[in-house]
Amino acid sequence: MKTINKVQTAAAGIAVLLALTACGGAATGTSAAGDAKSKTSNTADISEGIQPDPAAVKLLPQSYKDKGELTVAMDLHYPPTTFLADDNVTPIGLNPDIARLVAKKLGLKLKFENTAFDTIVPGIDGGRYDFTVTTMSPTEERLKVMDMVSYVSTGVSVAVAHGNPLNISNDDMCGKNIAVTKGSNAQLKHLPNVSKWTCEEKGKPAINGVTLPNVQEALTQLASKRVDGVLYDTPALVWAAEQQPNTFTVLTPKVDTRSEHVNAIGLKKSSPLTPALQKAVQSILESPEYKKSLDTWGLSGAAITTANLK
């Protein structure tokens, strides 16, 4: 599978890009748009009133207690899991909710660092950030430098132009230009694998992977017909399709990638923080706030029950 790098912004798709970001909200005149707008303007802290978990605090190294704060790295461009509210300041979505709950369970303050997805792992490894909650899957390469604690399980889907005029299917994207985001499992693993077993092994043209910096850029290029589809996390694509119902269609079912889709919190390999963080995440998974956050962001089917250390 060959990869084509296209990072130019498609001018014809700017309106779509704005509609997919928190500052743009959604198109007016539909109940879905109203619901999305209410979510993107709600900056309430889900961790308000949450008390520290004694078992987690007991495991917290003294150096973190003395510092009193955790720094979390996120790429805040991925609704509905990780993005900015309409005020363009407040991080919202499932991942900011989880990060806030982790800090509260540990009795610490939280500092957000907004950074590009593909710089997060080097930043964790280099000690610039304490942890990340950014819809990241454990991979062999990431696990060489990070401990990872599972907190949710999602999947990936393909978004195409409204009505699917090219008749693309999960099993037939051969020769099509399919956008993926830089540094994601979709780019590094899922698209190459799907291309191999649905196309190349059958003597068909490989899928052309178009690597772009984030999902907004990918969807902008799909709207302007510069790519034929976008392979990305299902919740984000469904969110986009709901806000632009005449622009995108999300293919069903999810893409069979022959692999699991657990997402995990990442922190430096063998970090002294790992035991406390794992205990805090387990406490979150057992809390009503976990279900509330999943339901709010359309992820009710993604719940897990055990915070496994990878």
# chains A, B, ... in the order shown; residues from 1 in each chain; ligands from 1
>>> select_by_dssp(residues="segment 55-178 of chain A", states="helix (DSSP H, G or I)", output="PyMOL selection string")
chain A and resi 55-58+62-67+94-105+117-125+140-143
>>> write_last_selection(atoms="N, CA, C and O atoms", output="CSV table (one decimal), in the first residue's frame")
chain,number,residue,atom,x,y,z
A,55,ALA,N,-7.5,4.2,48.1
A,55,ALA,CA,-6.6,3.1,47.7
A,55,ALA,C,-5.6,3.6,46.6
A,55,ALA,O,-4.5,3.2,46.5
A,56,ALA,N,-6.1,4.5,45.7
A,56,ALA,CA,-5.3,5.1,44.7
A,56,ALA,C,-4.3,6.1,45.3
A,56,ALA,O,-3.1,6.1,44.9
A,57,VAL,N,-4.7,6.9,46.2
A,57,VAL,CA,-3.9,7.9,46.8
A,57,VAL,C,-2.7,7.2,47.6
A,57,VAL,O,-1.6,7.7,47.6
A,58,LYS,N,-3.0,6.1,48.2
A,58,LYS,CA,-2.0,5.4,48.9
A,58,LYS,C,-0.9,4.9,48.1
A,58,LYS,O,0.3,4.8,48.5
A,62,GLN,N,5.3,10.1,46.6
A,62,GLN,CA,5.4,11.3,47.4
A,62,GLN,C,5.7,12.5,46.5
A,62,GLN,O,5.2,13.6,46.7
A,63,SER,N,6.5,12.2,45.5
A,63,SER,CA,6.9,13.4,44.6
A,63,SER,C,5.7,14.0,43.9
A,63,SER,O,5.7,15.2,43.7
A,64,TYR,N,4.7,13.1,43.6
A,64,TYR,CA,3.5,13.7,42.9
A,64,TYR,C,2.6,14.4,43.9
A,64,TYR,O,2.0,15.4,43.6
A,65,LYS,N,2.6,13.8,45.2
A,65,LYS,CA,1.8,14.5,46.2
A,65,LYS,C,2.4,15.9,46.5
A,65,LYS,O,1.7,16.9,46.7
A,66,ASP,N,3.8,16.0,46.5
A,66,ASP,CA,4.4,17.2,46.8
A,66,ASP,C,4.2,18.2,45.7
A,66,ASP,O,3.9,19.4,45.9
A,67,LYS,N,4.2,17.7,44.4
A,67,LYS,CA,3.9,18.6,43.3
A,67,LYS,C,2.5,19.1,43.2
A,67,LYS,O,2.2,20.2,42.9
A,94,LEU,N,-15.0,12.8,26.0
A,94,LEU,CA,-14.7,11.7,26.9
A,94,LEU,C,-13.3,11.7,27.5
A,94,LEU,O,-13.2,11.5,28.7
A,95,ASN,N,-12.3,12.0,26.7
A,95,ASN,CA,-10.9,11.9,27.2
A,95,ASN,C,-10.6,13.0,28.3
A,95,ASN,O,-10.0,12.7,29.3
A,96,PRO,N,-11.0,14.3,28.0
A,96,PRO,CA,-10.9,15.3,29.1
A,96,PRO,C,-11.7,14.9,30.4
A,96,PRO,O,-11.2,15.1,31.5
A,97,ASP,N,-12.9,14.3,30.2
A,97,ASP,CA,-13.6,13.8,31.4
A,97,ASP,C,-12.8,12.8,32.1
A,97,ASP,O,-12.7,12.9,33.4
A,98,ILE,N,-12.2,11.8,31.4
A,98,ILE,CA,-11.5,10.7,32.1
A,98,ILE,C,-10.2,11.3,32.8
A,98,ILE,O,-9.9,11.0,33.9
A,99,ALA,N,-9.5,12.3,32.1
A,99,ALA,CA,-8.4,12.9,32.7
A,99,ALA,C,-8.7,13.6,34.0
A,99,ALA,O,-8.0,13.6,35.0
A,100,ARG,N,-9.8,14.4,33.9
A,100,ARG,CA,-10.2,15.1,35.1
A,100,ARG,C,-10.6,14.2,36.3
A,100,ARG,O,-10.2,14.4,37.5
A,101,LEU,N,-11.2,13.1,36.0
A,101,LEU,CA,-11.6,12.1,37.0
A,101,LEU,C,-10.3,11.4,37.6
A,101,LEU,O,-10.3,11.2,38.8
A,102,VAL,N,-9.3,11.1,36.7
A,102,VAL,CA,-8.1,10.5,37.2
A,102,VAL,C,-7.4,11.5,38.2
A,102,VAL,O,-7.0,11.0,39.3
A,103,ALA,N,-7.3,12.7,37.9
A,103,ALA,CA,-6.7,13.7,38.8
A,103,ALA,C,-7.5,13.8,40.1
A,103,ALA,O,-6.8,13.8,41.2
A,104,LYS,N,-8.8,13.8,40.0
A,104,LYS,CA,-9.6,13.9,41.3
A,104,LYS,C,-9.5,12.7,42.1
A,104,LYS,O,-9.4,12.7,43.4
A,105,LYS,N,-9.4,11.5,41.5
A,105,LYS,CA,-9.3,10.2,42.2
A,105,LYS,C,-7.9,10.2,42.9
A,105,LYS,O,-7.8,9.5,44.0
A,117,PHE,N,-1.0,14.8,17.8
A,117,PHE,CA,-1.0,13.4,18.2
A,117,PHE,C,0.3,12.7,18.1
A,117,PHE,O,0.7,11.9,19.0
A,118,ASP,N,1.0,12.9,17.0
A,118,ASP,CA,2.2,12.1,16.8
A,118,ASP,C,3.4,12.6,17.6
A,118,ASP,O,4.5,12.0,17.5
A,119,THR,N,3.2,13.6,18.4
A,119,THR,CA,4.3,14.1,19.3
A,119,THR,C,4.1,13.7,20.7
A,119,THR,O,4.9,13.9,21.6
A,120,ILE,N,2.9,13.0,21.0
A,120,ILE,CA,2.6,12.7,22.4
A,120,ILE,C,3.5,11.6,22.9
A,120,ILE,O,4.0,11.8,24.1
A,121,VAL,N,3.7,10.5,22.2
A,121,VAL,CA,4.5,9.4,22.7
A,121,VAL,C,5.9,9.9,23.0
A,121,VAL,O,6.5,9.6,24.1
A,122,PRO,N,6.6,10.6,22.1
A,122,PRO,CA,7.9,11.1,22.4
A,122,PRO,C,7.9,12.0,23.6
A,122,PRO,O,8.9,12.0,24.4
A,123,GLY,N,6.8,12.8,23.8
A,123,GLY,CA,6.7,13.7,24.9
A,123,GLY,C,6.6,13.0,26.2
A,123,GLY,O,7.2,13.4,27.3
A,124,ILE,N,5.8,11.9,26.2
A,124,ILE,CA,5.7,11.0,27.4
A,124,ILE,C,7.0,10.4,27.7
A,124,ILE,O,7.5,10.4,28.9
A,125,ASP,N,7.7,9.8,26.7
A,125,ASP,CA,9.0,9.2,26.9
A,125,ASP,C,10.0,10.1,27.4
A,125,ASP,O,10.9,9.8,28.2
A,140,GLU,N,2.8,-2.6,19.8
A,140,GLU,CA,4.1,-3.1,20.2
A,140,GLU,C,5.1,-2.0,20.3
A,140,GLU,O,5.9,-1.9,21.3
A,141,GLU,N,5.1,-1.0,19.4
A,141,GLU,CA,6.0,0.1,19.4
A,141,GLU,C,5.8,1.0,20.6
A,141,GLU,O,6.7,1.4,21.3
A,142,ARG,N,4.5,1.4,20.9
A,142,ARG,CA,4.2,2.2,22.0
A,142,ARG,C,4.5,1.6,23.3
A,142,ARG,O,5.0,2.3,24.3
A,143,LEU,N,4.3,0.3,23.4
A,143,LEU,CA,4.5,-0.4,24.7
A,143,LEU,C,6.0,-0.6,25.0
A,143,LEU,O,6.3,-0.9,26.1
>>> residues_around(residues="Tyr129 of chain A", least_positions_apart="5", cutoff="12 Å", atoms="only C-alpha atoms", output="PDB file with C-alpha atoms, in the first residue's frame")
ATOM      1  CA  GLU A  69      -0.478  18.435  39.838  1.00  0.00           C
ATOM      2  CA  LEU A  70      -0.522  16.127  36.827  1.00  0.00           C
ATOM      3  CA  THR A  71       0.126  17.200  33.241  1.00  0.00           C
ATOM      4  CA  VAL A  72      -1.940  15.416  30.591  1.00  0.00           C
ATOM      5  CA  ALA A  73      -1.123  15.580  26.881  1.00  0.00           C
ATOM      6  CA  MET A  74      -3.956  15.583  24.323  1.00  0.00           C
ATOM      7  CA  LEU A 110      -4.767  18.807  36.339  1.00  0.00           C
ATOM      8  CA  LYS A 111      -2.948  20.736  33.630  1.00  0.00           C
ATOM      9  CA  PHE A 112      -3.839  20.193  29.958  1.00  0.00           C
ATOM     10  CA  GLU A 113      -1.212  20.376  27.201  1.00  0.00           C
ATOM     11  CA  ASN A 114      -2.649  20.545  23.676  1.00  0.00           C
ATOM     12  CA  THR A 115      -0.180  18.899  21.306  1.00  0.00           C
ATOM     13  CA  THR A 119       4.298  14.105  19.290  1.00  0.00           C
ATOM     14  CA  ILE A 120       2.581  12.718  22.381  1.00  0.00           C
ATOM     15  CA  VAL A 121       4.507   9.433  22.725  1.00  0.00           C
ATOM     16  CA  PRO A 122       7.933  11.117  22.405  1.00  0.00           C
ATOM     17  CA  GLY A 123       6.745  13.720  24.919  1.00  0.00           C
ATOM     18  CA  ILE A 124       5.699  11.047  27.402  1.00  0.00           C
ATOM     19  CA  MET A 146       4.964   3.420  27.738  1.00  0.00           C
ATOM     20  CA  GLY A 266      -0.360   6.117  28.414  1.00  0.00           C
ATOM     21  CA  LEU A 267       2.455   7.035  30.776  1.00  0.00           C
ATOM     22  CA  LYS A 268       6.215   6.527  30.806  1.00  0.00           C
ATOM     23  CA  SER A 271       6.655   4.979  35.820  1.00  0.00           C
TER      24      SER A 271
END
>>> residues_around(residues="Thr247 of chain A", least_positions_apart="2", cutoff="7 Å", atoms="only C-alpha atoms", output="PyMOL selection string")
chain A and resi 161-162+223+244-245
>>> select_by_dssp(residues="segment 123-245 of chain A", states="strand (DSSP E)", output="VMD selection string")
chain A and resid 131 to 132 146 to 153 156 to 161 177 to 181 208 to 212 229 to 233
>>> closest_atom_pairs(of="segment 37-83 of chain A", to="segment 287-299 of chain A", cutoff="9 Å", atoms="only C-alpha atoms", output="CSV")
residue,atom,partner,partner_atom,distance
A:Lys39,CA,A:Thr296,CA,7.9
A:Ile46,CA,A:Glu289,CA,7.0
A:Ser47,CA,A:Glu289,CA,7.8
A:Pro79,CA,A:Trp297,CA,8.8
A:Pro80,CA,A:Trp297,CA,5.9
A:Thr81,CA,A:Trp297,CA,7.1
>>> write_last_selection(atoms="all heavy atoms", output="compact mmCIF listing (two decimals), in the first residue's frame")
# COMPACT_ATOMS: atom_id res chain seq x y z
N LYS A 39 -24.01 20.29 23.77
CA LYS A 39 -22.85 19.57 24.28
C LYS A 39 -21.59 20.40 24.14
O LYS A 39 -20.77 20.47 25.05
CB LYS A 39 -22.68 18.25 23.54
CG LYS A 39 -23.75 17.21 23.85
CD LYS A 39 -23.54 15.96 23.02
CE LYS A 39 -24.64 14.94 23.26
NZ LYS A 39 -24.46 13.73 22.42
N ILE A 46 -17.15 17.28 34.94
CA ILE A 46 -17.78 16.05 35.40
C ILE A 46 -17.18 15.57 36.72
O ILE A 46 -17.82 14.81 37.46
CB ILE A 46 -17.65 14.94 34.34
CG1 ILE A 46 -18.62 13.80 34.62
CG2 ILE A 46 -16.20 14.44 34.24
CD1 ILE A 46 -18.71 12.79 33.50
N SER A 47 -15.98 16.03 37.05
CA SER A 47 -15.32 15.58 38.28
C SER A 47 -15.66 16.46 39.48
O SER A 47 -15.17 16.20 40.59
CB SER A 47 -13.80 15.55 38.08
OG SER A 47 -13.27 16.86 38.00
N PRO A 79 -13.35 15.59 18.00
CA PRO A 79 -14.67 15.37 18.59
C PRO A 79 -15.23 14.01 18.18
O PRO A 79 -14.94 13.52 17.08
CB PRO A 79 -15.51 16.50 17.97
CG PRO A 79 -14.79 16.87 16.70
CD PRO A 79 -13.33 16.65 16.98
N PRO A 80 -15.99 13.31 19.05
CA PRO A 80 -16.46 13.79 20.36
C PRO A 80 -15.61 13.32 21.54
O PRO A 80 -16.05 13.44 22.67
CB PRO A 80 -17.85 13.14 20.44
CG PRO A 80 -17.63 11.80 19.79
CD PRO A 80 -16.65 12.04 18.68
N THR A 81 -14.41 12.81 21.28
CA THR A 81 -13.62 12.29 22.40
C THR A 81 -12.66 13.31 22.99
O THR A 81 -12.40 13.29 24.19
CB THR A 81 -12.82 11.04 21.98
OG1 THR A 81 -12.00 11.35 20.85
CG2 THR A 81 -13.75 9.89 21.63
>>> atom_distance(atom1="atom CA of Val160 of chain A", atom2="atom CA of Val230 of chain A")
6.7 Å
>>> residues_around(residues="segment 251-263 of chain A", least_positions_apart="6", cutoff="10 Å", atoms="only C-alpha atoms", output="PyMOL selection string")
chain A and resi 133-138+148-160+163-164+168-171+185-186+189-194+197+231-234+237-238+302+304
>>> closest_residue(among="A:Asn167, A:Ser38, A:Leu222, A:Lys310", to="Thr139 of chain A", atoms="only C-alpha atoms")
A:Lys310
>>> atom_distance(atom1="atom CA of Tyr78 of chain A", atom2="atom CA of Gln216 of chain A")
7.7 Å
>>> closest_residue(among="A:Thr274, A:Ser283, A:Thr305, A:Asn214", to="Asp147 of chain A", atoms="only C-alpha atoms")
A:Thr274
>>> residues_around(residues="Glu200 of chain A", least_positions_apart="2", cutoff="12 Å", atoms="only C-alpha atoms", output="ChimeraX atom specification")
/A:1-2,171-175,192-198,202-208
>>> write_last_selection(atoms="N, CA and C atoms", output="tab-separated table (two decimals), in the first residue's frame")
chain	number	residue	atom	x	y	z
A	1	MET	N	0.83	-1.19	0.00
A	1	MET	CA	0.00	0.00	0.00
A	1	MET	C	0.87	1.24	0.00
A	2	LYS	N	0.66	2.12	-0.93
A	2	LYS	CA	1.45	3.35	-0.96
A	2	LYS	C	0.73	4.45	-0.21
A	171	ASP	N	-15.16	-4.05	2.26
A	171	ASP	CA	-14.41	-5.11	1.58
A	171	ASP	C	-13.94	-4.71	0.19
A	172	ASP	N	-14.27	-3.50	-0.22
A	172	ASP	CA	-13.83	-3.06	-1.55
A	172	ASP	C	-13.51	-1.57	-1.55
A	173	MET	N	-12.32	-1.25	-1.06
A	173	MET	CA	-11.77	0.10	-1.16
A	173	MET	C	-10.55	0.08	-2.08
A	174	CYS	N	-10.43	-0.98	-2.85
A	174	CYS	CA	-9.25	-1.19	-3.69
A	174	CYS	C	-9.08	-0.06	-4.70
A	175	GLY	N	-7.88	0.52	-4.73
A	175	GLY	CA	-7.59	1.60	-5.65
A	175	GLY	C	-8.15	2.95	-5.26
A	192	PRO	N	-3.23	-0.63	6.10
A	192	PRO	CA	-2.36	-1.56	5.38
A	192	PRO	C	-2.85	-3.01	5.46
A	193	ASN	N	-3.35	-3.42	6.64
A	193	ASN	CA	-3.84	-4.79	6.79
A	193	ASN	C	-5.08	-5.05	5.95
A	194	VAL	N	-6.03	-4.10	6.00
A	194	VAL	CA	-7.26	-4.25	5.23
A	194	VAL	C	-6.94	-4.27	3.74
A	195	SER	N	-6.01	-3.42	3.32
A	195	SER	CA	-5.61	-3.39	1.91
A	195	SER	C	-5.03	-4.74	1.50
A	196	LYS	N	-4.25	-5.34	2.38
A	196	LYS	CA	-3.60	-6.61	2.05
A	196	LYS	C	-4.61	-7.73	1.85
A	197	TRP	N	-5.55	-7.90	2.81
A	197	TRP	CA	-6.42	-9.07	2.72
A	197	TRP	C	-7.68	-8.87	1.90
A	198	THR	N	-8.07	-7.62	1.64
A	198	THR	CA	-9.25	-7.41	0.80
A	198	THR	C	-8.91	-7.07	-0.64
A	202	LYS	N	-5.94	-10.58	-3.39
A	202	LYS	CA	-6.91	-11.00	-4.41
A	202	LYS	C	-6.54	-10.47	-5.79
A	203	GLY	N	-5.33	-9.91	-5.91
A	203	GLY	CA	-4.87	-9.40	-7.19
A	203	GLY	C	-5.49	-8.08	-7.60
A	204	LYS	N	-6.07	-7.35	-6.63
A	204	LYS	CA	-6.68	-6.05	-6.92
A	204	LYS	C	-5.73	-4.93	-6.52
A	205	PRO	N	-5.97	-3.71	-7.04
A	205	PRO	CA	-5.10	-2.58	-6.68
A	205	PRO	C	-5.14	-2.30	-5.19
A	206	ALA	N	-4.02	-1.93	-4.63
A	206	ALA	CA	-3.94	-1.60	-3.20
A	206	ALA	C	-4.75	-0.34	-2.90
A	207	ILE	N	-5.16	-0.22	-1.66
A	207	ILE	CA	-5.79	1.02	-1.21
A	207	ILE	C	-4.71	2.10	-1.11
A	208	ASN	N	-5.00	3.28	-1.63
A	208	ASN	CA	-4.06	4.40	-1.53
A	208	ASN	C	-4.32	5.16	-0.23
>>> closest_residue(among="A:Leu60, A:Ile178, A:Cys199, A:Leu84", to="Leu273 of chain A", atoms="only C-alpha atoms")
A:Leu60
>>> closest_residue(among="A:Asp53, A:Glu201, A:Arg128, A:Asp86", to="Gln282 of chain A", atoms="only C-alpha atoms")
A:Asp53
